[in-house]
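Data file: structure-v9.tsv. Format and content: TSV, C-alpha atoms.
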chain	number	residue	atom	x	y	z
A	1	MET	CA	-15.92	-10.17	-20.99
A	2	GLN	CA	-12.26	-9.82	-20.11
A	3	ASN	CA	-11.01	-11.83	-17.19
A	4	MET	CA	-11.32	-9.38	-14.30
A	5	MET	CA	-8.24	-9.24	-12.14
A	6	GLN	CA	-8.12	-9.30	-8.38
A	7	THR	CA	-5.59	-6.81	-7.04
A	8	VAL	CA	-3.91	-6.09	-3.74
A	9	PHE	CA	-3.13	-2.40	-3.28
A	10	LEU	CA	-0.26	-2.30	-0.80
A	11	ASP	CA	0.85	0.53	1.40
A	12	ARG	CA	4.65	0.81	1.75
A	13	ASP	CA	5.91	2.01	5.14
A	14	GLY	CA	4.70	-0.18	7.99
A	15	THR	CA	3.20	-2.66	5.50
A	16	LEU	CA	5.97	-3.88	3.18
A	17	ASN	CA	8.92	-2.28	4.97
A	18	GLU	CA	9.59	-1.43	8.60
A	19	GLU	CA	8.05	1.87	9.73
A	20	ALA	CA	11.00	4.19	10.27
A	21	GLY	CA	9.56	7.68	9.83
A	22	TYR	CA	11.02	9.67	6.94
A	23	ILE	CA	13.78	7.42	5.61
A	24	ARG	CA	16.79	9.62	4.74
A	25	GLU	CA	19.21	6.80	3.85
A	26	VAL	CA	17.97	4.51	1.07
A	27	ASP	CA	20.03	1.58	2.39
A	28	SER	CA	18.28	1.75	5.79
A	29	LEU	CA	14.92	0.69	4.29
A	30	ALA	CA	14.30	-2.92	5.37
A	31	LEU	CA	11.40	-5.20	4.50
A	32	ILE	CA	9.22	-6.58	7.30
A	33	PRO	CA	10.06	-10.29	7.63
A	34	GLY	CA	7.73	-12.38	5.47
A	35	SER	CA	6.40	-9.54	3.36
A	36	ALA	CA	8.35	-10.50	0.22
A	37	LEU	CA	7.05	-14.07	0.40
A	38	ALA	CA	3.51	-12.73	0.90
A	39	VAL	CA	3.82	-10.70	-2.32
A	40	LYS	CA	5.03	-13.82	-4.12
A	41	ARG	CA	2.06	-15.84	-2.80
A	42	PHE	CA	-0.39	-13.18	-4.00
A	43	GLN	CA	1.19	-13.21	-7.46
A	44	GLU	CA	1.18	-17.00	-7.64
A	45	ALA	CA	-2.55	-16.89	-6.83
A	46	GLY	CA	-3.10	-14.57	-9.80
A	47	PHE	CA	-3.35	-11.22	-8.02
A	48	LEU	CA	-1.94	-7.99	-9.35
A	49	THR	CA	0.28	-6.44	-6.68
A	50	VAL	CA	0.31	-2.64	-6.74
A	51	LEU	CA	2.05	-0.17	-4.43
A	52	THR	CA	-0.02	2.86	-3.38
A	53	THR	CA	1.84	5.09	-0.95
A	54	ASN	CA	1.57	8.64	0.40
A	55	GLN	CA	5.08	10.12	0.42
A	56	THR	CA	4.97	13.72	1.63
A	57	GLY	CA	8.74	14.12	2.09
A	58	PRO	CA	9.07	16.31	-1.04
A	59	ALA	CA	6.15	18.54	0.01
A	60	ARG	CA	7.67	18.94	3.48
A	61	GLY	CA	11.11	19.74	2.06
A	62	TYR	CA	12.75	16.70	3.67
A	63	TYR	CA	14.12	15.35	0.39
A	64	ASP	CA	13.43	15.52	-3.35
A	65	GLU	CA	11.19	13.32	-5.44
A	66	ASP	CA	14.17	11.34	-6.76
A	67	HIS	CA	14.69	10.08	-3.21
A	68	VAL	CA	11.11	8.74	-3.13
A	69	LEU	CA	11.81	6.96	-6.43
A	70	ALA	CA	15.03	5.51	-4.99
A	71	LEU	CA	13.20	4.22	-1.90
A	72	ASN	CA	10.49	2.63	-4.05
A	73	GLN	CA	13.18	1.02	-6.19
A	74	ARG	CA	14.84	-0.28	-3.02
A	75	VAL	CA	11.56	-2.04	-2.13
A	76	GLN	CA	11.47	-3.65	-5.58
A	77	ASP	CA	15.13	-4.70	-5.33
A	78	LEU	CA	14.59	-6.28	-1.89
A	79	LEU	CA	11.46	-8.12	-3.07
A	80	GLN	CA	13.46	-9.44	-6.02
A	81	ALA	CA	16.38	-10.49	-3.81
A	82	GLU	CA	14.24	-12.15	-1.13
A	83	ALA	CA	11.46	-13.80	-3.15
A	84	GLY	CA	12.24	-13.33	-6.84
A	85	VAL	CA	9.25	-11.02	-7.40
A	86	LYS	CA	8.54	-7.39	-8.20
A	87	LEU	CA	5.37	-5.37	-7.78
A	88	HIS	CA	3.39	-4.98	-11.00
A	89	ALA	CA	3.09	-1.22	-10.56
A	90	VAL	CA	4.14	1.55	-8.17
A	91	TYR	CA	2.18	4.74	-7.51
A	92	TYR	CA	2.94	7.39	-4.94
A	93	CYS	CA	1.56	10.76	-3.90
A	94	PRO	CA	4.18	13.41	-3.06
A	95	HIS	CA	1.59	16.09	-2.28
A	96	LEU	CA	0.47	17.74	0.95
A	97	ALA	CA	-1.91	20.70	1.01
A	98	THR	CA	-0.09	22.17	4.02
A	99	GLY	CA	3.36	21.45	2.56
A	100	SER	CA	6.06	24.08	2.21
A	101	VAL	CA	7.53	23.20	-1.20
A	102	GLN	CA	6.03	23.95	-4.60
A	103	PRO	CA	4.74	22.31	-6.74
A	104	TYR	CA	3.89	19.69	-4.10
A	105	ALA	CA	1.93	21.90	-1.69
A	106	ILE	CA	-1.48	21.27	-3.25
A	107	ALA	CA	-4.73	19.58	-2.41
A	108	CYS	CA	-4.76	16.62	-4.79
A	109	HIS	CA	-6.89	13.60	-5.67
A	110	CYS	CA	-4.07	11.09	-5.24
A	111	ARG	CA	-3.38	11.44	-1.51
A	112	LYS	CA	-5.00	8.58	0.40
A	113	PRO	CA	-7.84	8.27	1.34
A	114	GLU	CA	-8.64	9.95	-2.01
A	115	THR	CA	-8.70	7.31	-4.75
A	116	GLY	CA	-6.46	8.86	-7.41
A	117	MET	CA	-3.75	6.18	-7.20
A	118	ILE	CA	-6.31	3.42	-7.72
A	119	GLN	CA	-7.69	5.37	-10.70
A	120	GLN	CA	-4.15	5.47	-12.11
A	121	ALA	CA	-3.93	1.71	-11.68
A	122	GLN	CA	-7.26	1.26	-13.47
A	123	GLN	CA	-5.92	3.25	-16.43
A	124	GLN	CA	-2.84	1.01	-16.61
A	125	PHE	CA	-4.80	-2.20	-15.93
A	126	PRO	CA	-8.37	-1.69	-17.21
A	127	ASN	CA	-9.55	-5.12	-16.10
A	128	ILE	CA	-9.02	-4.63	-12.35
A	129	ASP	CA	-12.08	-5.82	-10.44
A	130	LEU	CA	-12.26	-3.43	-7.49
A	131	SER	CA	-15.11	-5.33	-5.83
A	132	ARG	CA	-12.82	-8.36	-5.47
A	133	SER	CA	-9.67	-6.42	-4.64
A	134	TYR	CA	-8.05	-5.49	-1.34
A	135	VAL	CA	-6.35	-2.42	0.08
A	136	ILE	CA	-3.75	-3.40	2.69
A	137	GLY	CA	-2.13	-0.93	5.06
A	138	ASP	CA	-1.41	0.09	8.63
A	139	LYS	CA	-3.41	3.30	8.94
A	140	ALA	CA	-7.05	4.37	9.13
A	141	THR	CA	-6.45	6.31	5.91
A	142	ASP	CA	-5.68	2.99	4.17
A	143	VAL	CA	-8.97	1.51	5.42
A	144	ASP	CA	-10.84	4.61	4.22
A	145	PHE	CA	-8.94	4.45	0.91
A	146	GLY	CA	-10.23	0.93	0.35
A	147	HIS	CA	-13.75	1.88	1.41
A	148	ASN	CA	-13.77	4.91	-0.93
A	149	ALA	CA	-12.58	2.81	-3.89
A	150	GLY	CA	-15.08	0.01	-3.36
A	151	CYS	CA	-12.40	-2.49	-2.31
A	152	ARG	CA	-12.15	-4.62	0.81
A	153	SER	CA	-9.80	-3.20	3.38
A	154	VAL	CA	-7.18	-4.93	5.50
A	155	LEU	CA	-5.63	-3.25	8.54
A	156	LEU	CA	-2.28	-4.69	9.60
A	157	LYS	CA	-1.02	-4.54	13.19
A	158	THR	CA	2.49	-3.68	11.90
A	159	GLY	CA	3.61	-0.06	11.56
A	160	TYR	CA	0.93	2.19	13.09
A	161	GLY	CA	-1.79	-0.47	12.88
A	162	GLN	CA	-1.87	-1.57	16.50
A	163	ARG	CA	-2.03	2.07	17.62
A	164	VAL	CA	-4.95	2.63	15.22
A	165	LEU	CA	-6.77	-0.35	16.73
A	166	ASP	CA	-6.03	0.95	20.23
A	167	GLY	CA	-7.52	4.36	19.33
A	168	GLU	CA	-4.16	6.12	19.78
A	169	TYR	CA	-3.50	7.07	16.15
A	170	GLN	CA	-6.03	8.30	13.56
A	171	THR	CA	-9.72	7.38	13.82
A	172	LEU	CA	-11.35	4.50	11.99
A	173	ALA	CA	-14.37	5.96	10.21
A	174	ASN	CA	-14.95	2.58	8.56
A	175	PRO	CA	-14.16	-0.77	10.20
A	176	PRO	CA	-11.63	-2.84	8.25
A	177	ASP	CA	-12.96	-5.97	6.57
A	178	ILE	CA	-9.93	-7.88	7.85
A	179	VAL	CA	-7.47	-7.29	10.68
A	180	ALA	CA	-4.16	-9.12	10.26
A	181	ASP	CA	-0.98	-9.40	12.30
A	182	ASP	CA	1.21	-8.62	9.29
A	183	LEU	CA	1.27	-8.99	5.50
A	184	SER	CA	1.91	-12.74	5.77
A	185	ASP	CA	-1.19	-13.16	7.92
A	186	ALA	CA	-3.18	-10.98	5.50
A	187	ALA	CA	-2.09	-13.24	2.63
A	188	ASN	CA	-3.16	-16.32	4.61
A	189	GLN	CA	-6.62	-14.88	5.28
A	190	ILE	CA	-7.23	-13.46	1.78
A	191	LEU	CA	-5.96	-16.51	-0.09
A	192	ALA	CA	-8.01	-18.83	2.13
A	193	MET	CA	-11.15	-16.83	1.27
A	194	THR	CA	-10.21	-16.74	-2.43
A	195	VAL	CA	-9.90	-20.54	-2.52
A	196	SER	CA	-13.19	-21.06	-0.69
A	197	SER	CA	-15.08	-18.72	-3.04
A	198	HIS	CA	-14.13	-20.72	-6.17

Whole structure given in structure tokens:
Amino acid sequence: MQNMMQTVFLDRDGTLNEEAGYIREVDSLALIPGSALAVKRFQEAGFLTVLTTNQTGPARGYYDEDHVLALNQRVQDLLQAEAGVKLHAVYYCPHLATGSVQPYAIACHCRKPETGMIQQAQQQFPNIDLSRSYVIGDKATDVDFGHNAGCRSVLLKTGYGQRVLDGEYQTLANPPDIVADDLSDAANQILAMTVSSH
């Protein structure tokens, strides 16, 4: 039996970096304070750290897919600069069924809360243990994404998270397993539970 790996599937906007709508200037993307160190702490504890992000800008015609790649690379560069770490893998969904730009205007299996991005991660890392893994994000769709994949879900109060909790943005079909102030707090709670379960 291979050693099964615990994974944190991280949303991007409002989770790792400040929520700023559709980011047109790559240099304006800024990490939320403490998020780089949280990623480092997860990695030091033996977790895979994987980005799973819906990025509908290409489908909406706001910018091309290369811009999404540049923004994701900016996240990696900032994580490296601030904490000396990089995410193990990056997946994104550029699709939106109601989008205006082909070939992105499709109903797909990778847009959260569908589980396609986690399935991609499982192909790249076959020994991911979903039952011991966590989906972390700031939207109800992230909580549902975790629920649908058989992971535990963490709702952050950063980004849209507080509005979700207040019932002002999206509707929680499934309660999150953990509510955390930010990614640092999520790391504190998850790593405390991981230690106590060993």

Could you give me, as a Markdown table, a per-residue list for range 40-142 of chain A showing, wherever an atom lies at most 8 Å from an atom of range 153-165 of chain A, the closest pair of atoms and their distance in Å to one decimal, using all atoms listed in the file and sorting by chain then residue number from low to high?
| residue | atom | partner | partner_atom | distance |
| --- | --- | --- | --- | --- |
| A:Tyr134 | CA | A:Ser153 | CA | 5.5 |
| A:Val135 | CA | A:Ser153 | CA | 4.8 |
| A:Ile136 | CA | A:Val154 | CA | 4.7 |
| A:Gly137 | CA | A:Leu155 | CA | 5.5 |
| A:Asp138 | CA | A:Gly161 | CA | 4.3 |
| A:Lys139 | CA | A:Gly161 | CA | 5.7 |
| A:Ala140 | CA | A:Val164 | CA | 6.7 |
| A:Asp142 | CA | A:Ser153 | CA | 7.5 |

I'd like the interatomic distance between CA of Ala38 in chain A and CA of Asp77 in chain A, to a tenth of an Å.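 Distance between the two atoms: 15.4 Å.
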
Which residue out of A:Asp27, A:Ala107, A:Ala121, A:Pro113 has the minimum interatomic distance to Leu51 in chain A when only C-alpha atoms are used?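 Result for the nearest residue to Leu51 in chain A: A:Ala121.
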
Using all atoms listed in the file, determine which residues lie at most 10 Å from Ala36 in chain A, disregarding the query and same-chain residues fewer than 3 positions distant; provide the list as a ChimeraX atom specification. /A:16-17,31-33,39-41,75-76,78-87,183-184

So, counting all atoms listed in the file, which residue among A:Ser35, A:Gln43, A:Ala187, A:Phe9 is closest to Cys151 in chain A?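 Closest candidate: A:Phe9.
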
Find, counting all atoms listed in the file, the residue in A:Tyr22, A:Phe47, A:Tyr169, A:Phe145 that gets nearest to Arg60 in chain A.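 Looking only at the distances to Arg60 in chain A, the closest residue turns out to be A:Tyr22.
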
If we count all atoms listed in the file, what is near range 66-72 of chain A at a cut-off of 10 Å, once residues fewer than 6 positions away on the same chain are taken out, given as a PyMOL selection string? chain A and resi 12+23-29+51+53+55-58+90-94

Here's a test: counting all atoms listed in the file, identify every protein, DNA and RNA residue with an atom at most 10 Å from (-12.8, -10.1, 4.5) in the file's coordinate frame, and state them as a PyMOL selection string. chain A and resi 134+152-154+176-179+186+189-190+193-194

Enclosing box along x, y and z for every listed atom of range 37-40 of chain A, padded 5 Å each side, centre and size in Å, one decimal, as JSON:
{"center_x": 5.3, "center_y": -12.4, "center_z": -1.6, "size_x": 13.5, "size_y": 13.4, "size_z": 15.0}

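We find CA of Asp64 in chain A and CA of Ala89 in chain A to be spaced 21.0 Å apart.
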
Between CA of Val143 in chain A and CA of Ala173 in chain A, what is the spacing in Å?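 Going from CA of Ala173 in chain A over to CA of Val143 in chain A, I get 8.5 Å.
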
Determine the nearest neighbour of Pro126 in chain A from the options A:Leu10, A:Leu48, A:Val195, A:Gly34, counting all atoms listed in the file.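 Looking at the shortest contact to Pro126 in chain A, the residue is A:Leu48.
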
Can you work out which one of A:Ser100, A:Asn188, A:Asn174, A:Ser131 has the shortest atom-to-atom distance to Ala45 in chain A, counting all atoms listed in the file?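 Answer, going by the shortest atom-to-atom distance: A:Asn188.
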
If we count all atoms listed in the file, what is near Asn148 in chain A at a cut-off of 8 Å, once residues fewer than 4 positions away on the same chain are taken out, given as an mmCIF file with C-alpha atoms, keeping the file's coordinate frame?
data_model
loop_
_atom_site.group_PDB
_atom_site.id
_atom_site.type_symbol
_atom_site.label_atom_id
_atom_site.label_comp_id
_atom_site.auth_asym_id
_atom_site.auth_seq_id
_atom_site.Cartn_x
_atom_site.Cartn_y
_atom_site.Cartn_z
ATOM 1 C CA PRO A 113 -7.840 8.270 1.340
ATOM 2 C CA GLU A 114 -8.640 9.950 -2.010
ATOM 3 C CA THR A 115 -8.700 7.310 -4.750
ATOM 4 C CA ASP A 144 -10.840 4.610 4.220
#

Which residue gives the smallest distance to His109 in chain A among A:Gln123, A:Gln73, A:Asn54, A:Gln6, with all atoms listed in the file counted? A:Asn54

May I have the residues within 6 Å of Thr49 in chain A as a list of chain:residue names, using only C-alpha atoms and disregarding those fewer than 5 positions away in the same chain?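 Final neighbour list, sorted by chain and number: A:Thr7, A:Val8, A:Leu87, A:His88.
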